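A.B. asks: If it helps, the file is called input.txt and holds compact mmCIF, C-alpha atoms:
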```txt
# COMPACT_ATOMS: atom_id res chain seq x y z
CA MET S 853 2.23 -9.37 57.70
CA SER S 854 5.51 -10.96 58.72
CA ALA S 855 7.37 -10.02 61.88
CA THR S 856 10.19 -8.61 59.74
CA SER S 857 7.95 -6.23 57.77
CA ALA S 858 6.16 -5.20 60.98
CA LEU S 859 9.52 -3.99 62.33
CA ALA S 860 10.58 -2.14 59.19
CA PRO S 861 10.36 1.64 59.57
CA ALA S 862 7.68 3.36 57.56
CA ALA S 863 8.84 5.60 54.75
CA LEU S 864 8.22 9.30 55.26
CA SER S 865 5.16 10.77 53.59
CA PRO S 866 5.81 13.35 50.84
CA GLU S 867 4.74 16.08 53.26
CA GLU S 868 7.18 14.85 55.93
CA ARG S 869 10.03 14.71 53.37
CA ASP S 870 9.15 18.22 52.17
CA ALA S 871 9.14 19.62 55.71
CA MET S 872 12.49 18.00 56.48
CA ALA S 873 14.07 19.31 53.25
CA LEU S 874 12.80 22.85 53.85
CA ALA S 875 13.94 22.87 57.48
CA LEU S 876 17.40 21.55 56.67
CA ALA S 877 17.80 24.00 53.78
CA ALA S 878 16.90 26.90 56.09
CA GLY S 879 19.39 25.60 58.65
CA PHE S 880 22.22 25.43 56.10
CA THR S 881 21.74 28.94 54.70
CA SER S 882 24.64 30.51 56.60
CA THR S 883 26.81 27.37 56.52
CA VAL S 884 26.95 27.07 52.73
CA ALA S 885 28.27 30.62 52.39
CA SER S 886 31.51 29.41 53.98
CA LEU S 887 32.01 26.40 51.70
CA PRO S 888 35.19 26.84 49.67
CA PRO S 889 34.83 26.76 45.88
CA ALA S 890 35.20 23.41 44.14
CA ASP S 891 35.69 22.27 40.57
CA GLY S 892 33.14 19.48 40.77
CA ARG S 893 29.93 18.49 42.44
CA ARG S 894 30.35 17.28 46.02
CA TRP S 895 28.02 15.88 48.66
CA TRP S 896 27.69 15.04 52.33
CA LYS S 897 25.24 12.80 54.12
CA VAL S 898 24.03 15.08 56.91
CA LEU S 899 21.34 12.96 58.58
CA ALA S 900 20.50 9.27 58.49
CA THR S 901 17.75 7.18 60.07
CA ASP S 902 16.17 3.86 59.20
CA ALA S 903 13.31 5.72 57.47
CA PHE S 904 15.18 8.45 55.57
CA ASP S 905 18.49 10.15 54.93
CA ALA S 906 19.39 13.69 53.95
CA TRP S 907 22.23 14.97 51.81
CA LEU S 908 23.74 18.40 51.22
CA ILE S 909 24.93 18.73 47.61
CA ASP S 910 27.06 21.57 46.25
CA TRP S 911 26.84 22.27 42.50
CA PRO S 912 29.42 24.55 40.84
CA THR S 913 28.24 26.16 37.61
CA GLU S 914 28.03 23.86 34.60
CA THR S 915 27.74 20.68 36.69
CA SER S 916 25.16 17.95 36.58
CA VAL S 917 24.62 14.32 37.38
CA ASP S 918 23.92 11.85 34.58
CA PRO S 919 20.33 10.62 34.16
CA HIS S 920 19.63 8.28 37.07
CA ASP S 921 17.03 6.84 39.39
CA HIS S 922 17.15 6.55 43.18
CA GLY S 923 16.76 2.79 43.49
CA GLY S 924 13.17 3.00 44.71
CA SER S 925 13.62 5.95 47.07
CA ALA S 926 11.40 9.01 46.71
CA ALA S 927 13.00 12.42 47.27
CA SER S 928 12.24 15.98 48.24
CA ILE S 929 14.73 18.62 47.11
CA SER S 930 15.08 22.11 48.51
CA VAL S 931 17.61 24.59 47.13
CA VAL S 932 19.61 26.57 49.70
CA ARG S 933 21.19 28.97 47.17
CA GLY S 934 21.30 29.35 43.41
CA ALA S 935 18.95 27.43 41.14
CA LEU S 936 18.84 23.95 39.68
CA ARG S 937 17.05 22.47 36.70
CA GLU S 938 15.57 18.98 36.76
CA VAL S 939 15.19 17.14 33.46
CA LEU S 940 12.69 14.32 33.94
CA LEU S 941 12.90 11.49 31.40
CA GLU S 942 9.39 10.37 30.52
CA PRO S 943 7.96 8.07 27.86
CA GLY S 944 8.00 10.08 24.66
CA GLY S 945 10.28 12.87 25.85
CA THR S 946 11.41 15.00 28.74
CA SER S 947 9.97 17.67 31.00
CA THR S 948 11.89 20.37 32.84
CA SER S 949 11.39 22.01 36.23
CA VAL S 950 13.38 24.81 37.85
CA ILE S 951 14.08 24.48 41.56
CA VAL S 952 14.77 27.70 43.48
CA PRO S 953 15.27 28.59 47.16
CA GLY S 954 12.20 28.65 49.36
CA GLY S 955 10.40 25.81 47.61
CA VAL S 956 10.53 22.07 47.49
CA HIS S 957 10.59 19.71 44.52
CA ARG S 958 9.40 16.10 44.72
CA VAL S 959 10.96 13.19 42.85
CA THR S 960 8.90 10.00 42.72
CA ALA S 961 10.47 6.66 43.61
CA ASP S 962 10.30 5.49 39.97
CA ALA S 963 11.58 8.69 38.31
CA VAL S 964 14.58 8.80 35.98
CA HIS S 965 15.99 12.31 35.93
CA ASP S 966 19.00 14.57 35.71
CA ILE S 967 19.77 17.60 37.88
CA VAL S 968 21.73 20.44 36.28
CA ASN S 969 23.25 23.72 37.44
CA ASP S 970 23.41 25.69 34.22
CA GLY S 971 22.93 29.01 35.98
CA PRO S 972 25.51 31.75 36.48
CA ALA S 973 26.20 30.93 40.16
CA ARG S 974 26.96 27.97 42.38
CA ALA S 975 23.95 26.15 43.76
CA THR S 976 23.58 24.12 46.94
CA SER S 977 20.64 21.86 47.71
CA VAL S 978 19.28 19.49 50.35
CA HIS S 979 17.91 16.10 49.21
CA VAL S 980 15.82 13.98 51.57
CA TYR S 981 15.36 10.35 50.46
CA SER S 982 12.87 7.90 51.91
CA PRO S 983 13.52 5.08 52.25
CA PRO S 984 17.23 5.94 52.59
CA LEU S 985 19.19 6.10 49.36
CA SER S 986 20.99 2.80 48.82
CA THR S 987 21.54 2.55 45.06
CA MET S 988 21.47 4.70 41.96
CA VAL S 989 21.06 3.35 38.43
CA PHE S 990 22.50 5.54 35.67
CA TYR S 991 21.06 5.62 32.14
CA GLY S 992 22.51 6.23 28.69
CA ASP S 993 21.17 8.55 26.00
CA ASP S 994 18.97 5.73 24.72
CA GLY S 995 17.28 5.36 28.14
CA ALA S 996 18.89 1.99 28.86
CA PRO S 997 20.61 1.34 32.21
CA VAL S 998 24.39 1.52 31.92
CA ARG S 999 25.57 1.21 35.52
CA ARG S 1000 24.33 0.62 39.05
CA ASP S 1001 26.15 2.23 41.98
CA ASP S 1002 25.67 1.24 45.59
CA VAL S 1003 25.64 4.24 47.90
CA ASP S 1004 28.46 3.83 50.39
CA PRO S 1005 27.15 3.95 53.95
CA GLU S 1006 30.23 5.95 54.97
CA PRO S 1007 29.63 9.40 53.48
CA THR S 1008 33.28 10.46 53.73
CA LEU S 1009 34.13 7.62 51.38
CA TRP S 1010 31.48 8.67 48.87
CA SER S 1011 32.37 12.35 48.64
CA THR S 1012 35.16 14.56 47.40
CA SER S 1013 36.91 17.51 49.04
CA LEU S 1014 34.93 17.13 52.22
CA PRO S 1015 35.52 20.33 54.22
CA GLU S 1016 34.76 20.64 57.88
CA LEU S 1017 31.36 22.26 58.20
CA PRO S 1018 31.23 24.98 60.85
```
What would you get if you wrote out this structure as structure tokens?

C.D. replies:
Amino acid sequence: MSATSALAPAALSPEERDAMALALAAGFTSTVASLPPADGRRWWKVLATDAFDAWLIDWPTETSVDPHDHGGSAASISVVRGALREVLLEPGGTSTSVIVPGGVHRVTADAVHDIVNDGPARATSVHVYSPPLSTMVFYGDDGAPVRRDDVDPEPTLWSTSLPELP
């Protein structure tokens, strides 16, 4: 093992990611009620370490993110309010999971998926990524990569309509 890899922080275990996502979601329950409505999806990096980062994402109805991966980061997602649907792209087809408050949903580091709010109400979720989210690759309908986005380390530069959280 090299000295560099010995100093690199260990990624969180799935259980540690889950616990962090659930705790943050519980902590944001009253805060998200005061978020003003928005026309589009918006996000805030709420916690960052060398081993993981956590994001609060607000999903108005009829919003989604295009099929994407997390650049090698695994994730745990916990819904604060509303419900979300994950569409996982797999060889030979897709599978769907519904994510509701009180639970946690895991996304493997190699998954290509889409998250959709096709419910009747706004949804808000917490996403914990480990290692921290640094890139996202987006995919076309044919499953081929179409674009790679670097995640800006300054969350206010990579968000829209950032309100002050109480």

A.B. asks: Give the answer as one residue: which of S:Val968, S:Val917, S:Asp962, S:Ala873 has the shortest atom-to-atom distance to Glu938 in chain S, using all atoms listed in the file?

C.D. replies: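 Smallest separation from Glu938 in chain S among the options: S:Val968.
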
A.B. asks: I want to know what sits within 6 Å of Ser977 in chain S, based on only C-alpha atoms, with residues of the same chain fewer than 3 positions away left out; could you give that as a list of chain:residue names?

C.D. replies: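 Residues near the query, excluding close chain neighbours: S:Leu908, S:Ile909, S:Ser930, S:Val931, S:Val932.
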
A.B. asks: Please write as a VMD selection string the list of polymer residues whose atoms come within 8 Å of (14.2, 29.1, 49.3), counting only C-alpha atoms and keeping to the coordinates of the file.

C.D. replies: chain S and resid 874 877 to 878 930 to 933 952 to 955

A.B. asks: May I have the protein, DNA and RNA residues with any atom at most 10 Å from the point (26.6, 0.7, 46.5), counting only C-alpha atoms, written as a list in words?

C.D. replies: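 Those residues, ordered by chain and then number, are Leu985, Ser986, Thr987, Met988, Arg1000, Asp1001, Asp1002, Val1003, Asp1004, Pro1005 and Trp1010 of chain S.
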
A.B. asks: I'd like to know which of S:Asp910, S:Asp994, S:Asp970, S:Glu942 is closest to Thr883 in chain S, using only C-alpha atoms.

C.D. replies: S:Asp910

A.B. asks: May I ask which of the residues S:Gly924, S:Pro984, S:Leu940, S:Glu914 is the closest one to Asp891 in chain S, counting only C-alpha atoms?

C.D. replies: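 Once distances to Asp891 in chain S are computed over only C-alpha atoms, the minimum belongs to S:Glu914.
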
A.B. asks: Report, in Å to a single decimal, how far apart CA of Asp918 in chain S and CA of Pro889 in chain S are.

C.D. replies: 21.7 Å

A.B. asks: Would you mind listing what lies within 10 Å of Pro997 in chain S as a PyMOL selection string, with all atoms listed in the file counted and same-chain residues fewer than 5 positions away left out?

C.D. replies: chain S and resi 919-921+989-992

A.B. asks: One decimal, Å: what's the distance from CA of Phe880 in chain S over to CA of Ala963 in chain S, could you say?

C.D. replies: 26.6 Å

A.B. asks: Could you list, as a PyMOL selection string, every residue within 7 Å of Tyr981 in chain S, counting all atoms listed in the file and ignoring same-chain residues fewer than 2 positions away?

C.D. replies: chain S and resi 904-906+925-928+979+983-985

A.B. asks: Just give me the gap between CA of Ala890 in chain S and CA of Gly971 in chain S in Å, one decimal is fine.

C.D. replies: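 Between CA of Ala890 in chain S and CA of Gly971 in chain S the gap works out to 15.8 Å.
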
A.B. asks: For each of S:Ala862, S:Val956, S:Ala961, S:Ala996, take the minimum atom-to-atom distance to Val978 in chain S, counting all atoms listed in the file, then give the residue where this is smallest.

C.D. replies: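 Nearest to Val978 in chain S: S:Val956.
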
A.B. asks: Within 6 Å of Arg937 in chain S, counting only C-alpha atoms, which residues show up once you throw out same-chain ones fewer than 4 positions away? Write them as a list of chain:residue names, please.

C.D. replies: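 Returned residues: S:Ser949, S:Val950, S:Ile967, S:Val968.
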
A.B. asks: Residues of the last selection are to be written out with C-alpha atoms, as an mmCIF file, keeping the file's coordinate frame.

C.D. replies:
```
data_model
loop_
_atom_site.group_PDB
_atom_site.id
_atom_site.type_symbol
_atom_site.label_atom_id
_atom_site.label_comp_id
_atom_site.auth_asym_id
_atom_site.auth_seq_id
_atom_site.Cartn_x
_atom_site.Cartn_y
_atom_site.Cartn_z
ATOM 1 C CA SER S 949 11.390 22.010 36.230
ATOM 2 C CA VAL S 950 13.380 24.810 37.850
ATOM 3 C CA ILE S 967 19.770 17.600 37.880
ATOM 4 C CA VAL S 968 21.730 20.440 36.280
#
```

A.B. asks: Find, counting all atoms listed in the file, the residue in S:Pro888, S:Val980, S:Gly995, S:Pro972 that gets nearest to Ala875 in chain S.

C.D. replies: S:Val980

A.B. asks: Of the residues S:Pro943, S:Gly892, S:Gly879, S:Pro866, which is the one nearest to Ile929 in chain S, using all atoms listed in the file?

C.D. replies: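 Ranking S:Pro943, S:Gly892, S:Gly879, S:Pro866 by distance to Ile929 in chain S, first place goes to S:Pro866.
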
A.B. asks: Show which residues sit within 10 Å of Ala973 in chain S, as an NGL selection string. Count only C-alpha atoms, and ignore same-chain residues fewer than 4 positions away.

C.D. replies: :S and (911-914 or 933-935 or 969)

A.B. asks: Would you mind completing range 953-980 of chain S to N, CA and C atoms and writing the output as an mmCIF file, keeping the file's coordinate frame?

C.D. replies:
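As written to disk, out12.cif reads:
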```
data_model
loop_
_atom_site.group_PDB
_atom_site.id
_atom_site.type_symbol
_atom_site.label_atom_id
_atom_site.label_comp_id
_atom_site.auth_asym_id
_atom_site.auth_seq_id
_atom_site.Cartn_x
_atom_site.Cartn_y
_atom_site.Cartn_z
ATOM 1 N N PRO S 953 15.377 28.528 45.699
ATOM 2 C CA PRO S 953 15.270 28.590 47.160
ATOM 3 C C PRO S 953 13.850 28.932 47.613
ATOM 4 N N GLY S 954 13.494 28.365 48.762
ATOM 5 C CA GLY S 954 12.200 28.650 49.360
ATOM 6 C C GLY S 954 11.115 27.656 48.991
ATOM 7 N N GLY S 955 11.388 26.796 48.031
ATOM 8 C CA GLY S 955 10.400 25.810 47.610
ATOM 9 C C GLY S 955 10.933 24.412 47.810
ATOM 10 N N VAL S 956 10.116 23.467 47.408
ATOM 11 C CA VAL S 956 10.530 22.070 47.490
ATOM 12 C C VAL S 956 10.069 21.372 46.214
ATOM 13 N N HIS S 957 10.881 20.452 45.744
ATOM 14 C CA HIS S 957 10.590 19.710 44.520
ATOM 15 C C HIS S 957 10.563 18.229 44.867
ATOM 16 N N ARG S 958 9.520 17.539 44.445
ATOM 17 C CA ARG S 958 9.400 16.100 44.720
ATOM 18 C C ARG S 958 9.853 15.269 43.529
ATOM 19 N N VAL S 959 10.524 14.164 43.844
ATOM 20 C CA VAL S 959 10.960 13.190 42.850
ATOM 21 C C VAL S 959 10.344 11.856 43.267
ATOM 22 N N THR S 960 9.548 11.270 42.391
ATOM 23 C CA THR S 960 8.900 10.000 42.720
ATOM 24 C C THR S 960 9.924 8.867 42.762
ATOM 25 N N ALA S 961 9.560 7.789 43.427
ATOM 26 C CA ALA S 961 10.470 6.660 43.610
ATOM 27 C C ALA S 961 10.834 5.980 42.290
ATOM 28 N N ASP S 962 10.021 6.143 41.250
ATOM 29 C CA ASP S 962 10.300 5.490 39.970
ATOM 30 C C ASP S 962 10.839 6.452 38.906
ATOM 31 N N ALA S 963 11.131 7.691 39.283
ATOM 32 C CA ALA S 963 11.580 8.690 38.310
ATOM 33 C C ALA S 963 13.003 8.428 37.830
ATOM 34 N N VAL S 964 13.231 8.743 36.555
ATOM 35 C CA VAL S 964 14.580 8.800 35.980
ATOM 36 C C VAL S 964 14.772 10.265 35.598
ATOM 37 N N HIS S 965 15.805 10.879 36.167
ATOM 38 C CA HIS S 965 15.990 12.310 35.930
ATOM 39 C C HIS S 965 17.453 12.694 35.973
ATOM 40 N N ASP S 966 17.695 13.944 35.626
ATOM 41 C CA ASP S 966 19.000 14.570 35.710
ATOM 42 C C ASP S 966 18.804 15.881 36.449
ATOM 43 N N ILE S 967 19.777 16.296 37.225
ATOM 44 C CA ILE S 967 19.770 17.600 37.880
ATOM 45 C C ILE S 967 20.966 18.366 37.327
ATOM 46 N N VAL S 968 20.727 19.639 36.967
ATOM 47 C CA VAL S 968 21.730 20.440 36.280
ATOM 48 C C VAL S 968 21.825 21.817 36.927
ATOM 49 N N ASN S 969 23.049 22.311 37.113
ATOM 50 C CA ASN S 969 23.250 23.720 37.440
ATOM 51 C C ASN S 969 23.827 24.378 36.208
ATOM 52 N N ASP S 970 22.942 24.965 35.412
ATOM 53 C CA ASP S 970 23.410 25.690 34.220
ATOM 54 C C ASP S 970 23.232 27.185 34.407
ATOM 55 N N GLY S 971 23.071 27.598 35.664
ATOM 56 C CA GLY S 971 22.930 29.010 35.980
ATOM 57 C C GLY S 971 24.284 29.693 36.119
ATOM 58 N N PRO S 972 24.263 30.987 36.386
ATOM 59 C CA PRO S 972 25.510 31.750 36.480
ATOM 60 C C PRO S 972 26.228 31.628 37.811
ATOM 61 N N ALA S 973 25.605 31.003 38.829
ATOM 62 C CA ALA S 973 26.200 30.930 40.160
ATOM 63 C C ALA S 973 26.149 29.507 40.700
ATOM 64 N N ARG S 974 26.993 29.250 41.672
ATOM 65 C CA ARG S 974 26.960 27.970 42.380
ATOM 66 C C ARG S 974 25.588 27.750 42.985
ATOM 67 N N ALA S 975 25.208 26.515 43.098
ATOM 68 C CA ALA S 975 23.950 26.150 43.760
ATOM 69 C C ALA S 975 24.266 25.121 44.831
ATOM 70 N N THR S 976 23.462 25.119 45.882
ATOM 71 C CA THR S 976 23.580 24.120 46.940
ATOM 72 C C THR S 976 22.164 23.686 47.281
ATOM 73 N N SER S 977 21.986 22.386 47.469
ATOM 74 C CA SER S 977 20.640 21.860 47.710
ATOM 75 C C SER S 977 20.668 20.785 48.786
ATOM 76 N N VAL S 978 19.494 20.565 49.386
ATOM 77 C CA VAL S 978 19.280 19.490 50.350
ATOM 78 C C VAL S 978 18.355 18.479 49.690
ATOM 79 N N HIS S 979 18.703 17.190 49.770
ATOM 80 C CA HIS S 979 17.910 16.100 49.210
ATOM 81 C C HIS S 979 17.562 15.146 50.337
ATOM 82 N N VAL S 980 16.276 14.913 50.547
ATOM 83 C CA VAL S 980 15.820 13.980 51.570
ATOM 84 C C VAL S 980 15.226 12.779 50.849
#
```
